[in-house]
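Working notes for the structure below.
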Amino acid sequence: MPGIEEYALAHTTPDPPSLLSLAAETQARCERPHMMVGPVEARFLQFLVWMLRPRAVLEIGTFTGYSALSMAGELPSDGHIVTCELSQEHADIARKHIATAGHDDRITVIVGPAMDTIRTLPGPFDLILLDADQAHFPEYLDELVPKLADKGVLAVDNTLWSGAVLDKSDTLDSTEGIRRFNDLVAGRTDLISVLLSVRDGLTLIRRAPGGTPT
Ligand SMILES: C[S@@+](CC[C@H](N)C(=O)[O-])C[C@H]1O[C@@H](n2cnc3c(N)ncnc32)[C@H](O)[C@@H]1O
């Protein structure tokens, strides 16, 4: 419905100055600023952190640090976020804003292909946000589910891909990767999932207790 995203935004707690300044620099300097999750989804992710009280958070896809910094706002005092980013330029912007916000001891940005990085991280993670490299989402599912803590949550962004998941003529690697991922998740009886139509689609996944859905 036209205007509904704006309505949701107008009825969501606004970003703090640290995120407004990060978003402004991202808009001014980066080619694809829309890659930030945006204020509504960021506030939703922050709610997840507030509810789960995660000690260990993993993010795949830092970009300029918007979602990581938002989640850090409600991280418990012993919590830490590791966030993976391919681009040195994006990581540099993220690190600058993370330091300005006083969160550089709570967020570690690791530069390199995320799959290589996460293979070096044993976990377990209480919360994982997958927000990059959509063509390989199915491989990330295999890699990340075993790294989830027993009560951990895997949040996966872009699972509606602007509606492209429904367009059979769209055979881009990213679209196919997301479609395959969505079908794999829906077919896994050892997982419980919900695909929320928040922004570009956000799927929440957890392990089914005893390996069977309740
Ligand atoms: C959609 S953006 C992440 C947005 C971020 N979560 C936010 O809200 O600002 C995806 C990011 O992942 C990075 N990326 C793409 N492929 C990657 C890979 N294989 N490993 C690590 N980072 C990757 C891109 O450079 C980009 O900065």
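All residue names refer to the structure tokens as shown: chains lettered A, B, ... in order, residues numbered from 1 in each chain, ligands numbered from 1 in order.
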Check: range 4-198 of chain A: which residues are strand (DSSP E or B) by DSSP, as a PyMOL selection string?
Finding: chain A and resi 56-60+80-85+107-111+125-130+148-157+191-196
Next item on the list: Can you list, as a ChimeraX atom specification, all residues belonging to chain A that DSSP tags as alpha helix (DSSP H)?
Entry: /A:4-10,17-29,39-52,66-72,88-100,114-119,137-144,173-187
Item checked: Counting only C-alpha atoms, the residue of A:Pro122, A:Gly79, A:Gly187, A:Gly61 that sits nearest Pro146 in chain A -> A:Pro122
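Between atom 2 (S, counted along the ligand's line) of ligand 1 and CA of Arg179 in chain A the interatomic distance comes to 18.5 Å.
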Notebook entry, point to check: With distances taken over only C-alpha atoms, which of A:Leu204, A:Arg199, A:Ile81, A:Gln88 is nearest to Glu6 in chain A?
Noted result: A:Arg199
Notebook entry, point to check: Using only C-alpha atoms and all ligand atoms, which residue out of A:Ala114, A:Leu52, A:Ala101, A:Leu172 lies closest to ligand 1?
Noted result: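 Ranked by minimum distance to ligand 1, first place goes to A:Ala114.
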Next item on the list: Would you please work out which residue, of A:Met35, A:Cys30, A:Ala10, A:Ala23, is nearest to ligand 1 when using only C-alpha atoms and all ligand atoms?
Entry: A:Met35
Next item on the list: Let me have all residues with an atom within 9 Å of ligand 1, counting only C-alpha atoms and all ligand atoms, laid out as number ranges by chain.
Entry: A: 23, 26, 32-38, 41-42, 59-70, 83-91, 94, 110-117, 129-134, 136, 157-158
Margin query: Please list as a PyMOL selection string every residue within 7 Å of Gly152 in chain A, counting only C-alpha atoms and excluding residues in the same chain fewer than 2 positions away.
Written below: chain A and resi 125-127+148-150+154+206
Generate a file of the selected residues that holds N, CA, C and O atoms, formatted as a PDB file, in the first residue's frame.
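Listing of out10.pdb after writing:
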```pdb
ATOM      1  N   PHE A 125      26.516 -18.875  18.960  1.00  0.00           N
ATOM      2  CA  PHE A 125      26.011 -17.503  18.925  1.00  0.00           C
ATOM      3  C   PHE A 125      24.538 -17.494  19.363  1.00  0.00           C
ATOM      4  O   PHE A 125      23.759 -18.356  18.977  1.00  0.00           O
ATOM      5  N   ASP A 126      24.207 -16.488  20.150  1.00  0.00           N
ATOM      6  CA  ASP A 126      22.825 -16.351  20.635  1.00  0.00           C
ATOM      7  C   ASP A 126      21.943 -15.673  19.594  1.00  0.00           C
ATOM      8  O   ASP A 126      20.735 -15.856  19.575  1.00  0.00           O
ATOM      9  N   LEU A 127      22.581 -14.866  18.758  1.00  0.00           N
ATOM     10  CA  LEU A 127      21.838 -14.185  17.690  1.00  0.00           C
ATOM     11  C   LEU A 127      22.766 -14.035  16.492  1.00  0.00           C
ATOM     12  O   LEU A 127      23.930 -13.629  16.645  1.00  0.00           O
ATOM     13  N   LEU A 148      24.481 -22.010  16.083  1.00  0.00           N
ATOM     14  CA  LEU A 148      23.481 -21.368  16.944  1.00  0.00           C
ATOM     15  C   LEU A 148      23.500 -22.003  18.328  1.00  0.00           C
ATOM     16  O   LEU A 148      23.567 -23.232  18.457  1.00  0.00           O
ATOM     17  N   ALA A 149      23.403 -21.155  19.353  1.00  0.00           N
ATOM     18  CA  ALA A 149      23.204 -21.676  20.711  1.00  0.00           C
ATOM     19  C   ALA A 149      21.850 -22.385  20.759  1.00  0.00           C
ATOM     20  O   ALA A 149      21.002 -22.178  19.882  1.00  0.00           O
ATOM     21  N   ASP A 150      21.635 -23.204  21.780  1.00  0.00           N
ATOM     22  CA  ASP A 150      20.376 -23.967  21.861  1.00  0.00           C
ATOM     23  C   ASP A 150      19.148 -23.071  21.695  1.00  0.00           C
ATOM     24  O   ASP A 150      18.209 -23.429  21.008  1.00  0.00           O
ATOM     25  N   LEU A 154      18.489 -17.201  14.374  1.00  0.00           N
ATOM     26  CA  LEU A 154      19.125 -16.768  13.125  1.00  0.00           C
ATOM     27  C   LEU A 154      18.123 -15.864  12.399  1.00  0.00           C
ATOM     28  O   LEU A 154      17.016 -16.307  12.067  1.00  0.00           O
ATOM     29  N   ARG A 206      14.816 -20.729  14.432  1.00  0.00           N
ATOM     30  CA  ARG A 206      15.418 -21.324  15.632  1.00  0.00           C
ATOM     31  C   ARG A 206      15.316 -22.834  15.524  1.00  0.00           C
ATOM     32  O   ARG A 206      14.570 -23.358  14.682  1.00  0.00           O
TER      33      ARG A 206
END
```
Margin query: Please determine, counting only C-alpha atoms, which residue among A:Leu19, A:Val198, A:Ala186, A:Val49 has the shortest atom-to-atom distance to Leu160 in chain A.
Written below: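 Smallest distance to Leu160 in chain A is found for A:Val198.
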Checklist line | Contacts of Asp105 in chain A at 10 Å (only C-alpha atoms; same-chain gap of 5+ positions) as number ranges by chain | finding: A: 80-81, 98-99
Checklist line | For Asp92 in chain A, the nearest of the candidates A:Leu22, A:Leu48, A:Ala208, A:Ser162, counting only C-alpha atoms | finding: A:Leu22
Next item on the list: For range 164-167 of chain A, please output as a list in words all residues within 10 Å (counting only C-alpha atoms; exclusion window: fewer than 5 positions along the same chain).
Entry: Thr159, Leu172, Ser174, Thr175, Glu176, Gly177, Ile178, Arg179, Arg180 and Asn182 of chain A
Please write the residues from the selection above to a file, keeping N, CA, C and O atoms, as a PDB file, in the first residue's frame.
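Written file, out06.pdb:
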```
ATOM      1  N   THR A 159      14.594 -11.772   2.535  1.00  0.00           N
ATOM      2  CA  THR A 159      14.040 -13.052   2.084  1.00  0.00           C
ATOM      3  C   THR A 159      12.817 -12.886   1.168  1.00  0.00           C
ATOM      4  O   THR A 159      12.311 -13.867   0.646  1.00  0.00           O
ATOM      5  N   LEU A 172      18.279 -14.407 -11.546  1.00  0.00           N
ATOM      6  CA  LEU A 172      19.561 -13.916 -11.028  1.00  0.00           C
ATOM      7  C   LEU A 172      20.055 -14.860  -9.928  1.00  0.00           C
ATOM      8  O   LEU A 172      19.245 -15.456  -9.206  1.00  0.00           O
ATOM      9  N   SER A 174      21.277 -14.172  -7.106  1.00  0.00           N
ATOM     10  CA  SER A 174      20.812 -13.751  -5.781  1.00  0.00           C
ATOM     11  C   SER A 174      19.362 -14.210  -5.555  1.00  0.00           C
ATOM     12  O   SER A 174      19.028 -14.747  -4.501  1.00  0.00           O
ATOM     13  N   THR A 175      18.520 -14.020  -6.581  1.00  0.00           N
ATOM     14  CA  THR A 175      17.109 -14.403  -6.435  1.00  0.00           C
ATOM     15  C   THR A 175      16.986 -15.912  -6.258  1.00  0.00           C
ATOM     16  O   THR A 175      16.257 -16.398  -5.384  1.00  0.00           O
ATOM     17  N   GLU A 176      17.730 -16.654  -7.089  1.00  0.00           N
ATOM     18  CA  GLU A 176      17.682 -18.129  -6.989  1.00  0.00           C
ATOM     19  C   GLU A 176      18.180 -18.583  -5.620  1.00  0.00           C
ATOM     20  O   GLU A 176      17.645 -19.512  -5.028  1.00  0.00           O
ATOM     21  N   GLY A 177      19.236 -17.906  -5.124  1.00  0.00           N
ATOM     22  CA  GLY A 177      19.806 -18.272  -3.823  1.00  0.00           C
ATOM     23  C   GLY A 177      18.786 -18.074  -2.707  1.00  0.00           C
ATOM     24  O   GLY A 177      18.637 -18.922  -1.825  1.00  0.00           O
ATOM     25  N   ILE A 178      18.075 -16.957  -2.759  1.00  0.00           N
ATOM     26  CA  ILE A 178      17.078 -16.669  -1.720  1.00  0.00           C
ATOM     27  C   ILE A 178      15.907 -17.654  -1.821  1.00  0.00           C
ATOM     28  O   ILE A 178      15.451 -18.202  -0.820  1.00  0.00           O
ATOM     29  N   ARG A 179      15.441 -17.894  -3.072  1.00  0.00           N
ATOM     30  CA  ARG A 179      14.329 -18.833  -3.252  1.00  0.00           C
ATOM     31  C   ARG A 179      14.691 -20.217  -2.706  1.00  0.00           C
ATOM     32  O   ARG A 179      13.925 -20.842  -1.987  1.00  0.00           O
ATOM     33  N   ARG A 180      15.897 -20.677  -3.052  1.00  0.00           N
ATOM     34  CA  ARG A 180      16.336 -22.000  -2.608  1.00  0.00           C
ATOM     35  C   ARG A 180      16.433 -22.032  -1.078  1.00  0.00           C
ATOM     36  O   ARG A 180      16.026 -22.989  -0.435  1.00  0.00           O
ATOM     37  N   ASN A 182      14.749 -20.125   1.083  1.00  0.00           N
ATOM     38  CA  ASN A 182      13.406 -20.101   1.679  1.00  0.00           C
ATOM     39  C   ASN A 182      12.763 -21.489   1.632  1.00  0.00           C
ATOM     40  O   ASN A 182      12.135 -21.935   2.602  1.00  0.00           O
TER      41      ASN A 182
END
```
Next item on the list: Grab the CA of Asp78 in chain A to CA of Arg55 in chain A distance for me, in Å with one decimal place.
Entry: 6.0 Å
Next item on the list: Work out how far apart CA of Ser21 in chain A and CA of Tyr7 in chain A are and give it in Å to one decimal.
Entry: 22.4 Å
Checklist line | Thr13 in chain A environment, 12 Å, only C-alpha atoms, sequence neighbours closer than 2 positions dropped, as a list in words | finding: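 In the requested format, the answer is Ala8, Leu9, Ala10, His11, Asp15, Pro16, Pro39, Val40, Glu41, Ala42, Arg43, Phe44, Gln46 and Phe47 of chain A.
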